[in-house]
file query07.csv (CSV, C-alpha atoms and all ligand atoms)
chain,number,residue,atom,x,y,z
S,1,MET,CA,0.4,14.0,-6.6
S,2,GLU,CA,2.8,16.8,-7.3
S,3,ILE,CA,6.5,16.9,-6.4
S,4,ASP,CA,8.0,20.3,-6.7
S,5,GLY,CA,5.2,21.4,-8.9
S,6,LYS,CA,5.4,18.4,-11.3
S,7,PRO,CA,2.6,15.9,-11.3
S,8,TYR,CA,3.7,12.3,-10.8
S,9,ARG,CA,2.1,8.9,-10.6
S,10,THR,CA,4.2,6.2,-8.9
S,11,ILE,CA,4.4,4.2,-12.2
S,12,TRP,CA,4.2,5.3,-15.8
S,13,VAL,CA,5.1,4.3,-19.3
S,14,GLU,CA,8.4,5.8,-20.4
S,15,ASP,CA,9.0,4.4,-23.9
S,16,PRO,CA,5.6,3.1,-25.1
S,17,GLY,CA,5.6,-0.7,-25.4
S,18,LYS,CA,9.2,-0.8,-24.1
S,19,THR,CA,9.9,0.6,-20.7
S,20,VAL,CA,8.3,1.8,-17.5
S,21,GLY,CA,9.3,4.4,-15.0
S,22,VAL,CA,8.9,4.1,-11.2
S,23,ILE,CA,9.9,6.2,-8.2
S,24,ASP,CA,12.7,4.4,-6.2
S,25,GLN,CA,11.1,4.3,-2.8
S,26,THR,CA,14.2,2.8,-1.2
S,27,LYS,CA,15.9,6.2,-1.6
S,28,LEU,CA,13.1,8.3,0.1
S,29,PRO,CA,13.0,10.5,2.0
S,30,HIS,CA,16.6,11.6,1.3
S,31,VAL,CA,16.7,11.4,-2.5
S,32,PHE,CA,13.9,11.6,-5.1
S,33,GLU,CA,15.0,9.3,-7.9
S,34,THR,CA,13.2,7.5,-10.7
S,35,LEU,CA,14.2,4.3,-12.2
S,36,THR,CA,13.6,2.6,-15.6
S,37,LEU,CA,12.2,-1.0,-15.7
S,38,ALA,CA,13.1,-2.6,-19.0
S,39,SER,CA,12.6,-6.3,-18.4
S,40,LEU,CA,10.7,-8.9,-16.5
S,41,GLU,CA,13.6,-9.2,-14.1
S,42,ASP,CA,13.8,-5.5,-13.5
S,43,ALA,CA,10.1,-5.5,-12.5
S,44,ALA,CA,10.4,-8.6,-10.3
S,45,VAL,CA,13.5,-7.2,-8.5
S,46,ALA,CA,11.7,-3.8,-8.1
S,47,ILE,CA,8.9,-5.6,-6.2
S,48,GLU,CA,11.2,-7.9,-4.2
S,49,ASP,CA,13.6,-5.2,-3.2
S,50,MET,CA,10.7,-2.8,-2.3
S,51,ILE,CA,11.8,-0.2,-4.8
S,52,VAL,CA,8.0,-0.2,-5.3
S,53,ARG,CA,5.8,-1.4,-2.5
S,54,GLY,CA,2.2,-1.1,-1.2
S,55,ALA,CA,-0.4,-3.6,-2.3
S,56,PRO,CA,-2.0,-1.7,-5.3
S,57,LEU,CA,1.4,-0.6,-6.7
S,58,ILE,CA,2.8,-4.1,-6.4
S,59,GLY,CA,-0.2,-5.2,-8.6
S,60,ALA,CA,0.3,-2.4,-11.1
S,61,THR,CA,4.1,-3.2,-11.3
S,62,ALA,CA,3.3,-6.9,-11.8
S,63,ALA,CA,1.0,-6.0,-14.7
S,64,TYR,CA,3.7,-4.0,-16.4
S,65,GLY,CA,6.3,-6.7,-15.5
S,66,PHE,CA,4.0,-9.1,-17.4
S,67,CYS,CA,4.2,-6.8,-20.5
S,68,LEU,CA,8.0,-6.6,-20.3
S,69,GLY,CA,8.2,-10.3,-20.0
S,70,LEU,CA,5.9,-10.8,-23.1
S,71,ASN,CA,8.2,-8.5,-25.1
S,72,ALA,CA,10.9,-11.0,-24.7
S,73,ASP,CA,8.9,-14.3,-24.9
S,74,SER,CA,5.2,-14.4,-25.7
S,75,SER,CA,4.9,-18.2,-26.1
S,76,ASP,CA,2.7,-20.3,-23.8
S,77,ALA,CA,5.8,-21.4,-21.9
S,78,GLY,CA,6.9,-17.7,-21.7
S,79,VAL,CA,3.5,-16.7,-20.2
S,80,SER,CA,3.8,-19.4,-17.5
S,81,ALA,CA,7.4,-18.4,-16.7
S,82,ILE,CA,6.5,-14.8,-16.4
S,83,TYR,CA,3.6,-15.5,-14.1
S,84,ASP,CA,5.7,-17.7,-11.9
S,85,ARG,CA,8.6,-15.3,-11.6
S,86,LEU,CA,6.4,-12.4,-10.6
S,87,TYR,CA,4.2,-14.5,-8.3
S,88,ARG,CA,7.2,-15.4,-6.3
S,89,THR,CA,8.2,-11.8,-5.5
S,90,ARG,CA,6.1,-11.1,-2.4
S,91,PRO,CA,3.6,-13.4,-0.8
S,92,THR,CA,1.1,-11.4,1.2
S,93,ALA,CA,-0.4,-8.6,-1.0
S,94,VAL,CA,-3.1,-10.3,-3.0
S,95,ASN,CA,-3.2,-7.5,-5.6
S,96,LEU,CA,-0.1,-9.3,-7.0
S,97,ARG,CA,-2.1,-12.5,-7.7
S,98,TRP,CA,-5.1,-10.5,-8.9
S,99,ALA,CA,-3.1,-8.5,-11.5
S,100,LEU,CA,-1.2,-11.6,-12.7
S,101,ASP,CA,-4.5,-13.5,-13.1
S,102,GLU,CA,-6.0,-10.6,-15.0
S,103,MET,CA,-3.0,-10.5,-17.4
S,104,ARG,CA,-2.9,-14.2,-17.9
S,105,ALA,CA,-6.6,-14.5,-18.6
S,106,LEU,CA,-6.3,-11.7,-21.1
S,107,VAL,CA,-3.5,-13.4,-23.2
S,108,ASP,CA,-4.3,-17.1,-22.7
S,109,ASN,CA,-6.4,-17.6,-25.7
S,110,ARG,CA,-4.7,-15.1,-28.0
S,111,ALA,CA,-2.0,-15.7,-30.5
S,112,PRO,CA,1.5,-15.1,-29.1
S,113,ALA,CA,2.1,-12.3,-31.6
S,114,GLU,CA,-0.9,-10.4,-30.3
S,115,ARG,CA,-0.2,-10.8,-26.6
S,116,ALA,CA,2.2,-8.0,-25.8
S,117,ALA,CA,0.1,-5.2,-27.4
S,118,LEU,CA,-3.0,-6.4,-25.5
S,119,ALA,CA,-1.1,-6.6,-22.2
S,120,TRP,CA,0.3,-3.1,-22.5
S,121,GLU,CA,-3.2,-1.7,-23.0
S,122,ARG,CA,-4.6,-3.7,-20.0
S,123,ALA,CA,-1.7,-2.7,-17.7
S,124,ALA,CA,-2.4,1.0,-18.5
S,125,GLU,CA,-6.1,0.4,-17.7
S,126,ILE,CA,-5.2,-1.3,-14.4
S,127,CYS,CA,-3.3,1.8,-13.4
S,128,ASP,CA,-6.0,4.3,-14.5
S,129,ASP,CA,-8.6,2.2,-12.7
S,130,ASP,CA,-6.5,2.2,-9.6
S,131,VAL,CA,-6.4,6.0,-9.6
S,132,GLU,CA,-10.2,6.2,-10.0
S,133,ILE,CA,-10.7,3.6,-7.2
S,134,SER,CA,-8.4,5.5,-4.8
S,135,LYS,CA,-10.4,8.7,-5.6
S,136,ALA,CA,-13.7,6.9,-4.8
S,137,ILE,CA,-12.2,5.6,-1.5
S,138,GLY,CA,-11.2,9.2,-0.8
S,139,ARG,CA,-14.7,10.5,-1.4
S,140,ASN,CA,-16.3,7.8,0.8
S,141,GLY,CA,-13.8,8.2,3.6
S,142,LEU,CA,-14.1,12.0,3.4
S,143,ALA,CA,-17.7,11.7,4.6
S,144,LEU,CA,-16.4,9.9,7.8
S,145,ILE,CA,-13.9,12.7,8.5
S,146,GLU,CA,-16.5,15.3,7.9
S,147,GLU,CA,-18.8,13.6,10.4
S,148,ILE,CA,-16.1,13.8,13.1
S,149,ALA,CA,-15.2,17.3,12.1
S,150,ALA,CA,-18.8,18.4,12.7
S,151,THR,CA,-18.5,17.2,16.4
S,152,LYS,CA,-15.2,19.1,17.1
S,153,PRO,CA,-15.0,22.6,18.6
S,154,ALA,CA,-14.5,25.2,15.9
S,155,GLY,CA,-10.8,25.4,14.8
S,156,GLU,CA,-9.8,22.0,16.2
S,157,ALA,CA,-8.3,19.5,13.8
S,158,VAL,CA,-9.6,15.9,13.3
S,159,ASN,CA,-6.7,13.8,14.4
S,160,VAL,CA,-6.2,10.7,12.3
S,161,LEU,CA,-3.7,8.0,13.1
S,162,THR,CA,-2.2,5.9,10.3
S,163,HIS,CA,0.3,3.0,10.2
S,164,CYS,CA,2.8,2.2,7.5
S,165,ASN,CA,2.3,3.9,4.1
S,166,ALA,CA,-1.0,3.4,2.5
S,167,GLY,CA,-0.5,6.7,0.7
S,168,TRP,CA,-0.1,7.7,-2.9
S,169,LEU,CA,3.3,6.0,-2.9
S,170,ALA,CA,1.6,2.7,-2.2
S,171,THR,CA,-0.9,3.0,-5.0
S,172,VAL,CA,-0.7,4.6,-8.5
S,173,ASP,CA,-2.0,7.9,-7.1
S,174,TRP,CA,-3.9,9.3,-4.1
S,175,GLY,CA,-3.4,6.3,-1.8
S,176,THR,CA,-6.1,4.4,0.1
S,177,ALA,CA,-5.8,5.4,3.8
S,178,THR,CA,-4.5,8.9,2.7
S,179,ALA,CA,-7.1,9.6,0.0
S,180,PRO,CA,-9.8,10.7,2.5
S,181,ILE,CA,-7.1,12.8,4.3
S,182,TYR,CA,-6.0,14.5,1.1
S,183,MET,CA,-9.6,15.2,0.1
S,184,ALA,CA,-10.4,16.6,3.5
S,185,TYR,CA,-7.3,18.8,3.4
S,186,GLU,CA,-8.2,20.1,0.0
S,187,LYS,CA,-11.7,20.9,1.1
S,188,GLY,CA,-10.4,23.0,3.9
S,189,ILE,CA,-11.3,20.7,6.7
S,190,LYS,CA,-8.7,20.9,9.5
S,191,VAL,CA,-7.0,17.6,9.7
S,192,HIS,CA,-3.8,16.4,11.4
S,193,VAL,CA,-2.2,13.0,11.0
S,194,TRP,CA,-0.3,10.9,13.6
S,195,VAL,CA,2.2,9.0,11.5
S,196,ASP,CA,3.5,5.7,13.1
S,197,GLU,CA,7.2,5.3,12.2
S,198,THR,CA,6.5,1.6,11.3
S,199,ARG,CA,9.5,-0.4,12.3
S,200,PRO,CA,11.4,-2.1,11.0
S,201,ARG,CA,11.4,-0.5,7.6
S,202,ASN,CA,10.0,2.8,8.7
S,203,GLN,CA,7.6,3.3,5.9
S,204,GLY,CA,5.7,5.8,8.1
S,205,ALA,CA,8.8,7.9,8.9
S,206,SER,CA,10.4,7.8,5.4
S,207,LEU,CA,7.4,7.6,3.1
S,208,THR,CA,4.1,8.8,4.8
S,209,ALA,CA,5.7,11.7,6.5
S,210,TRP,CA,7.5,12.6,3.2
S,211,GLU,CA,4.4,12.6,1.1
S,212,LEU,CA,2.1,14.3,3.6
S,213,GLY,CA,4.8,17.0,4.0
S,214,ARG,CA,5.2,17.5,0.3
S,215,HIS,CA,1.4,18.1,0.0
S,216,GLY,CA,1.3,20.4,3.1
S,217,VAL,CA,-0.9,18.2,5.2
S,218,PRO,CA,-0.2,18.8,8.9
S,219,HIS,CA,1.3,15.7,10.5
S,220,THR,CA,3.4,14.5,13.4
S,221,LEU,CA,5.7,11.5,13.4
S,222,ILE,CA,5.4,9.2,16.4
S,223,ALA,CA,7.2,6.1,17.6
S,224,ASP,CA,5.3,2.9,17.0
S,225,ASN,CA,4.4,2.4,20.6
S,226,VAL,CA,2.9,5.8,21.2
S,227,GLY,CA,-0.5,5.4,19.5
S,228,GLY,CA,-2.3,3.7,22.5
S,229,HIS,CA,-1.1,6.3,24.9
S,230,LEU,CA,-2.4,9.1,22.6
S,231,MET,CA,-5.7,7.3,22.3
S,232,GLN,CA,-6.0,7.1,26.2
S,233,HIS,CA,-5.6,10.9,26.2
S,234,GLY,CA,-8.2,11.6,23.7
S,235,LEU,CA,-5.7,12.7,21.0
S,236,VAL,CA,-6.8,10.4,18.3
S,237,ASP,CA,-10.3,10.8,16.7
S,238,MET,CA,-10.0,7.9,14.2
S,239,CYS,CA,-7.5,5.5,12.7
S,240,ILE,CA,-7.3,4.8,9.0
S,241,VAL,CA,-5.0,2.2,7.7
S,242,GLY,CA,-4.5,0.2,4.4
S,243,THR,CA,-4.5,-3.5,3.8
S,244,ASP,CA,-2.6,-6.0,1.8
S,245,ARG,CA,-5.3,-8.7,1.9
S,246,THR,CA,-8.9,-8.5,3.2
S,247,THR,CA,-10.7,-11.8,3.7
S,248,ALA,CA,-14.2,-12.6,2.7
S,249,GLN,CA,-15.3,-12.3,6.3
S,250,GLY,CA,-13.6,-8.9,6.7
S,251,ASP,CA,-10.3,-9.8,8.5
S,252,VAL,CA,-7.6,-7.4,7.5
S,253,CYS,CA,-3.9,-8.2,6.9
S,254,ASN,CA,-1.7,-5.1,7.0
S,255,LYS,CA,1.8,-4.0,8.0
S,256,ILE,CA,3.0,-5.6,11.3
S,257,GLY,CA,1.8,-3.5,14.2
S,258,THR,CA,-1.6,-2.7,12.8
S,259,TYR,CA,-3.3,-5.3,15.1
S,260,LEU,CA,-1.9,-3.7,18.2
S,261,LYS,CA,-3.3,-0.3,17.0
S,262,ALA,CA,-6.7,-1.9,16.5
S,263,LEU,CA,-6.7,-3.4,20.0
S,264,ALA,CA,-5.8,0.0,21.5
S,265,ALA,CA,-8.4,1.7,19.4
S,266,GLN,CA,-11.1,-0.7,20.6
S,267,ASP,CA,-10.1,-0.3,24.2
S,268,ASN,CA,-10.4,3.5,23.9
S,269,GLY,CA,-13.5,3.6,21.7
S,270,VAL,CA,-11.6,5.1,18.8
S,271,PRO,CA,-13.1,4.2,15.4
S,272,PHE,CA,-10.7,2.0,13.4
S,273,TYR,CA,-11.2,2.1,9.6
S,274,VAL,CA,-9.5,0.2,6.9
S,275,ALA,CA,-9.4,1.7,3.4
S,276,LEU,CA,-9.1,-0.8,0.5
S,277,PRO,CA,-9.6,-1.2,-3.2
S,278,SER,CA,-11.7,-4.3,-4.0
S,279,THR,CA,-8.6,-5.7,-5.7
S,280,THR,CA,-7.3,-6.3,-2.1
S,281,ILE,CA,-10.2,-8.6,-1.2
S,282,ASP,CA,-9.3,-12.3,-1.3
S,283,TRP,CA,-12.7,-14.0,-1.7
S,284,THR,CA,-11.0,-17.4,-1.4
S,285,VAL,CA,-10.0,-17.0,2.3
S,286,ALA,CA,-12.2,-16.4,5.3
S,287,ASP,CA,-10.0,-16.7,8.5
S,288,GLY,CA,-7.1,-14.3,8.0
S,289,VAL,CA,-5.1,-15.4,11.0
S,290,ARG,CA,-5.1,-19.0,9.8
S,291,GLU,CA,-5.1,-18.6,6.0
S,292,ILE,CA,-3.1,-15.6,4.9
S,293,PRO,CA,0.6,-16.2,4.2
S,294,ILE,CA,2.7,-13.8,6.2
S,295,GLU,CA,5.9,-12.6,4.6
S,296,GLN,CA,9.1,-13.3,6.6
S,297,ARG,CA,11.8,-10.8,5.8
S,298,LYS,CA,15.5,-10.6,6.3
S,299,GLY,CA,16.8,-10.1,9.9
S,300,GLU,CA,19.0,-7.3,8.7
S,301,GLU,CA,15.9,-5.1,8.6
S,302,LEU,CA,15.9,-5.2,12.4
S,303,THR,CA,19.6,-5.3,13.1
S,304,LYS,CA,20.6,-2.5,10.8
S,305,ILE,CA,19.3,1.0,10.1
S,306,ALA,CA,20.0,3.4,7.3
S,307,GLY,CA,20.2,7.2,7.8
S,308,ARG,CA,21.7,10.3,6.4
S,309,LEU,CA,24.8,11.9,7.9
S,310,GLU,CA,25.2,15.6,8.2
S,311,THR,CA,27.5,15.4,5.1
S,312,GLY,CA,24.5,14.1,3.1
S,313,GLU,CA,25.9,10.7,2.8
S,314,VAL,CA,23.4,7.9,3.5
S,315,VAL,CA,24.9,5.1,5.5
S,316,THR,CA,23.8,1.9,7.2
S,317,VAL,CA,24.7,1.1,10.8
S,318,ASP,CA,24.3,-1.9,13.1
S,319,ILE,CA,21.9,-1.4,16.1
S,320,ALA,CA,21.9,-5.0,17.6
S,321,PRO,CA,24.6,-7.4,18.8
S,322,GLU,CA,26.3,-9.2,15.9
S,323,GLY,CA,24.6,-12.6,15.2
S,324,VAL,CA,21.5,-11.9,17.3
S,325,PRO,CA,18.7,-14.3,16.3
S,326,VAL,CA,15.9,-12.3,14.6
S,327,ARG,CA,12.4,-13.0,13.6
S,328,ASN,CA,10.9,-10.5,11.1
S,329,ASP,CA,7.2,-11.0,10.3
S,330,ALA,CA,6.2,-8.2,7.9
S,331,PHE,CA,2.4,-8.3,8.4
S,332,ASP,CA,-0.2,-9.2,10.9
S,333,VAL,CA,-3.9,-9.8,10.8
S,334,THR,CA,-6.5,-7.6,12.5
S,335,PRO,CA,-9.7,-9.7,13.0
S,336,ALA,CA,-12.9,-8.2,11.6
S,337,ARG,CA,-14.4,-7.7,15.1
S,338,LEU,CA,-11.8,-4.9,15.7
S,339,VAL,CA,-12.6,-3.0,12.5
S,340,THR,CA,-15.2,-0.3,12.6
S,341,GLY,CA,-15.7,-0.2,8.9
S,342,LEU,CA,-14.2,-0.9,5.5
S,343,ILE,CA,-13.8,2.1,3.2
S,344,THR,CA,-14.0,0.8,-0.3
S,345,GLU,CA,-14.6,2.4,-3.8
S,346,ARG,CA,-18.2,1.3,-3.6
S,347,GLY,CA,-18.9,2.8,-0.1
S,348,VAL,CA,-18.3,2.0,3.5
S,349,CYS,CA,-19.4,-1.3,4.9
S,350,ALA,CA,-19.2,-3.5,8.0
S,351,ALA,CA,-16.1,-5.7,8.2
S,352,SER,CA,-18.1,-8.9,7.6
S,353,GLU,CA,-19.1,-11.2,4.9
S,354,ARG,CA,-22.5,-9.6,4.8
S,355,GLY,CA,-21.0,-6.1,4.7
S,356,LEU,CA,-18.7,-7.0,1.8
S,357,LYS,CA,-21.3,-8.9,-0.2
S,358,GLY,CA,-23.7,-6.0,0.2
S,359,LEU,CA,-21.3,-3.8,-1.8
S,360,PHE,CA,-19.7,-6.4,-4.1
S,361,ASP,CA,-21.7,-8.8,-6.2
S,362,ARG,CA,-20.3,-12.3,-5.1
S,401,LIG,C1,-2.5,1.1,0.0
S,401,LIG,S1,-1.3,0.1,0.6
S,401,LIG,C2,-1.8,-1.0,1.8
S,401,LIG,C3,-0.7,-1.8,2.3
S,401,LIG,O1,0.0,-2.3,1.3
S,401,LIG,C4,0.3,-1.0,3.2
S,401,LIG,O2,-0.4,-0.5,4.3
S,401,LIG,C5,1.4,-1.8,3.6
S,401,LIG,O3,1.3,-2.6,4.6
S,401,LIG,C6,2.6,-1.8,2.7
S,401,LIG,O4,3.5,-2.8,3.1
S,401,LIG,P1,4.9,-2.8,2.3
S,401,LIG,O5,5.7,-3.9,3.0
S,401,LIG,O6,5.6,-1.5,2.5
S,401,LIG,O7,4.6,-3.2,0.9
call {"tool": "encode", "arguments": {"input": "query07.csv", "output": "structure tokens"}}
result
Amino acid sequence: MEIDGKPYRTIWVEDPGKTVGVIDQTKLPHVFETLTLASLEDAAVAIEDMIVRGAPLIGATAAYGFCLGLNADSSDAGVSAIYDRLYRTRPTAVNLRWALDEMRALVDNRAPAERAALAWERAAEICDDDVEISKAIGRNGLALIEEIAATKPAGEAVNVLTHCNAGWLATVDWGTATAPIYMAYEKGIKVHVWVDETRPRNQGASLTAWELGRHGVPHTLIADNVGGHLMQHGLVDMCIVGTDRTTAQGDVCNKIGTYLKALAAQDNGVPFYVALPSTTIDWTVADGVREIPIEQRKGEELTKIAGRLETGEVVTVDIAPEGVPVRNDAFDVTPARLVTGLITERGVCAASERGLKGLFDR
């Protein structure tokens, strides 16, 4: 996507074989800043501190983190230590494990001296593949938006509700949930996005609203609890969200609050779609509620909030009583029965084992 006329991906090689550049997403929407990752620890911290976030981008950063780690130590013990350090960064997005397994399988039976070069090549491929996958998701989801557009009175926009940021910032480019929206917009289809603010970290307000705005896609920011009300009043035509892990039976784990949107959508007959690359499918788990590890994050994310003063200074303030007990679950699981369809790079399928197996050879 372009920022001020300059094309960007969310991750790129800066100095070949040595360093990687990323967009510091903790600074958005106030400041656009890029950051250099030069070591395994830089990459691990970037994932942990959510400088990069979103399931596909976490996977891509882990792949490059693997390369940076191999630059320092490509022995067998080094490979295990690199895998373990990156694996510990965030527990829910399965793309992390997928990318690490890819990298480890690639280097396992190769001589230590060959490993880093092979890994840099594969990490670049993972990023290029992610872009192509997002584009394919976009094309497949576009057909759904077009179907709805055809039913609307002339000149009326298709209203899409999305939660969190499953945009280009969450992938290498294009996004998953946003790819169909960007494609519809570029094709001249009238589309408007309801952007959930997404407490507590506000990825909707700070990231999705920012990227849609930069691209010129009409959108409106709403508080997290507004979606159900809008659906009751016929103001939402469809929901499209992303996912951090999709089970073999089609349960979908995504940012906390997604489940409530799916419940409201079902109650109001609003189609609820989940856009995902196949790297997000965890074929080893079936029941998402019981089996997916849910990240527990710091209470500070709820008790404090950061914002920009009129002077331009960004400050953090307390919004809850000091010492209040806090529970901060970062994700929830939407059972397959609430999902209208899964938009993948291979096509749209039912959220079920049969649906997924029909598209993917398992
Ligand atoms: C294409 S990204 C899909 C998900 O990763 C996204 O919806 C999401 O929940 C991101 O969570 P985050 O905690 O910001 O990494």
call {"tool": "residues_near_ligand", "arguments": {"input": "query07.csv", "ligand": "ligand LIG 401 (chain S)", "cutoff": "9 Å", "atoms": "all atoms listed in the file", "output": "PyMOL selection string"}}
result
chain S and resi 47+50+52-58+90+92-93+134+162-171+175-178+201-203+241-245+253-256+258+275-277+280+295+330-331
call {"tool": "atom_distance", "arguments": {"input": "query07.csv", "atom1": "CA of Lys357 in chain S", "atom2": "CA of Gly141 in chain S"}}
result
19.1 Å
call {"tool": "closest_residue", "arguments": {"input": "query07.csv", "among": "S:Gly288, S:Pro29, S:Gly69, S:Pro325", "to": "Thr208 in chain S", "atoms": "all atoms listed in the file"}}
result
S:Pro29
call {"tool": "residues_around", "arguments": {"input": "query07.csv", "residues": "Ala157 in chain S", "least_positions_apart": "3", "cutoff": "12 Å", "atoms": "all atoms listed in the file", "output": "short mmCIF file (atom, residue, chain, number, x, y, z; two decimals) with C-alpha atoms, keeping the file's coordinate frame"}}
result
data_model
loop_
_atom_site.label_atom_id
_atom_site.label_comp_id
_atom_site.auth_asym_id
_atom_site.auth_seq_id
_atom_site.Cartn_x
_atom_site.Cartn_y
_atom_site.Cartn_z
CA ILE S 145 -13.90 12.70 8.50
CA GLU S 146 -16.50 15.30 7.90
CA ILE S 148 -16.10 13.80 13.10
CA ALA S 149 -15.20 17.30 12.10
CA ALA S 150 -18.80 18.40 12.70
CA THR S 151 -18.50 17.20 16.40
CA LYS S 152 -15.20 19.10 17.10
CA PRO S 153 -15.00 22.60 18.60
CA ALA S 154 -14.50 25.20 15.90
CA VAL S 160 -6.20 10.70 12.30
CA ILE S 181 -7.10 12.80 4.30
CA ALA S 184 -10.40 16.60 3.50
CA TYR S 185 -7.30 18.80 3.40
CA GLY S 188 -10.40 23.00 3.90
CA ILE S 189 -11.30 20.70 6.70
CA LYS S 190 -8.70 20.90 9.50
CA VAL S 191 -7.00 17.60 9.70
CA HIS S 192 -3.80 16.40 11.40
CA VAL S 193 -2.20 13.00 11.00
CA TRP S 194 -0.30 10.90 13.60
CA VAL S 217 -0.90 18.20 5.20
CA PRO S 218 -0.20 18.80 8.90
CA HIS S 219 1.30 15.70 10.50
CA LEU S 235 -5.70 12.70 21.00
CA VAL S 236 -6.80 10.40 18.30
CA ASP S 237 -10.30 10.80 16.70
CA MET S 238 -10.00 7.90 14.20
#
call {"tool": "residues_around", "arguments": {"input": "query07.csv", "residues": "range 22-25 of chain S", "least_positions_apart": "6", "cutoff": "9 Å", "atoms": "only C-alpha atoms", "output": "NGL selection string"}}
result
:S and (9-13 or 31-37 or 46 or 50-53 or 61 or 169 or 206-207)
call {"tool": "write_last_selection", "arguments": {"input": "query07.csv", "atoms": "C-alpha atoms", "output": "PDB file, in the frame of the given file"}}
result
ATOM      1  CA  ARG S   9       2.100   8.900 -10.600  1.00  0.00           C
ATOM      2  CA  THR S  10       4.200   6.200  -8.900  1.00  0.00           C
ATOM      3  CA  ILE S  11       4.400   4.200 -12.200  1.00  0.00           C
ATOM      4  CA  TRP S  12       4.200   5.300 -15.800  1.00  0.00           C
ATOM      5  CA  VAL S  13       5.100   4.300 -19.300  1.00  0.00           C
ATOM      6  CA  VAL S  31      16.700  11.400  -2.500  1.00  0.00           C
ATOM      7  CA  PHE S  32      13.900  11.600  -5.100  1.00  0.00           C
ATOM      8  CA  GLU S  33      15.000   9.300  -7.900  1.00  0.00           C
ATOM      9  CA  THR S  34      13.200   7.500 -10.700  1.00  0.00           C
ATOM     10  CA  LEU S  35      14.200   4.300 -12.200  1.00  0.00           C
ATOM     11  CA  THR S  36      13.600   2.600 -15.600  1.00  0.00           C
ATOM     12  CA  LEU S  37      12.200  -1.000 -15.700  1.00  0.00           C
ATOM     13  CA  ALA S  46      11.700  -3.800  -8.100  1.00  0.00           C
ATOM     14  CA  MET S  50      10.700  -2.800  -2.300  1.00  0.00           C
ATOM     15  CA  ILE S  51      11.800  -0.200  -4.800  1.00  0.00           C
ATOM     16  CA  VAL S  52       8.000  -0.200  -5.300  1.00  0.00           C
ATOM     17  CA  ARG S  53       5.800  -1.400  -2.500  1.00  0.00           C
ATOM     18  CA  THR S  61       4.100  -3.200 -11.300  1.00  0.00           C
ATOM     19  CA  LEU S 169       3.300   6.000  -2.900  1.00  0.00           C
ATOM     20  CA  SER S 206      10.400   7.800   5.400  1.00  0.00           C
ATOM     21  CA  LEU S 207       7.400   7.600   3.100  1.00  0.00           C
TER      22      LEU S 207
END
call {"tool": "residues_near_point", "arguments": {"input": "query07.csv", "point": "(-15.2, 4.0, 21.5)", "cutoff": "12 Å", "atoms": "all atoms listed in the file", "output": "NGL selection string"}}
result
:S and (231-232 or 234 or 236-239 or 262-272 or 338-340)
call {"tool": "residues_around", "arguments": {"input": "query07.csv", "residues": "Arg110 in chain S", "least_positions_apart": "4", "cutoff": "12 Å", "atoms": "all atoms listed in the file", "output": "list in words"}}
result
Ser74, Ser75, Asp76, Val79, Met103, Arg104, Ala105, Leu106, Glu114, Arg115, Ala116, Ala117, Leu118 and Ala119 of chain S
call {"tool": "closest_residue", "arguments": {"input": "query07.csv", "among": "S:Ala99, S:Ala179, S:Ile82, S:Ile240", "to": "Glu41 in chain S", "atoms": "only C-alpha atoms"}}
result
S:Ile82
call {"tool": "atom_distance", "arguments": {"input": "query07.csv", "atom1": "CA of Ala336 in chain S", "atom2": "CA of Val285 in chain S"}}
result
13.1 Å
call {"tool": "atom_distance", "arguments": {"input": "query07.csv", "atom1": "CA of Val315 in chain S", "atom2": "CA of Gly257 in chain S"}}
result
26.1 Å
call {"tool": "decode", "arguments": {"input": "query07.csv", "residues": "range 228-247 of chain S", "atoms": "C-alpha atoms", "output": "compact mmCIF listing (two decimals), in the first residue's frame"}}
result
# COMPACT_ATOMS: atom_id res chain seq x y z
CA GLY S 228 -25.20 -4.77 17.44
CA HIS S 229 -27.28 -1.61 17.53
CA LEU S 230 -26.29 -0.72 13.95
CA MET S 231 -27.20 -4.23 12.82
CA GLN S 232 -30.65 -3.92 14.42
CA HIS S 233 -31.20 -0.80 12.34
CA GLY S 234 -30.17 -2.39 9.04
CA LEU S 235 -26.97 -0.38 8.81
CA VAL S 236 -24.58 -3.32 8.42
CA ASP S 237 -24.68 -5.46 5.26
CA MET S 238 -21.91 -7.83 6.22
CA CYS S 239 -19.10 -8.34 8.71
CA ILE S 240 -15.60 -9.33 7.64
CA VAL S 241 -12.97 -10.01 10.29
CA GLY S 242 -9.58 -11.72 10.38
CA THR S 243 -8.37 -14.60 12.51
CA ASP S 244 -5.30 -15.63 14.43
CA ARG S 245 -6.10 -19.32 14.43
CA THR S 246 -8.83 -21.28 12.67
CA THR S 247 -9.47 -24.83 13.80
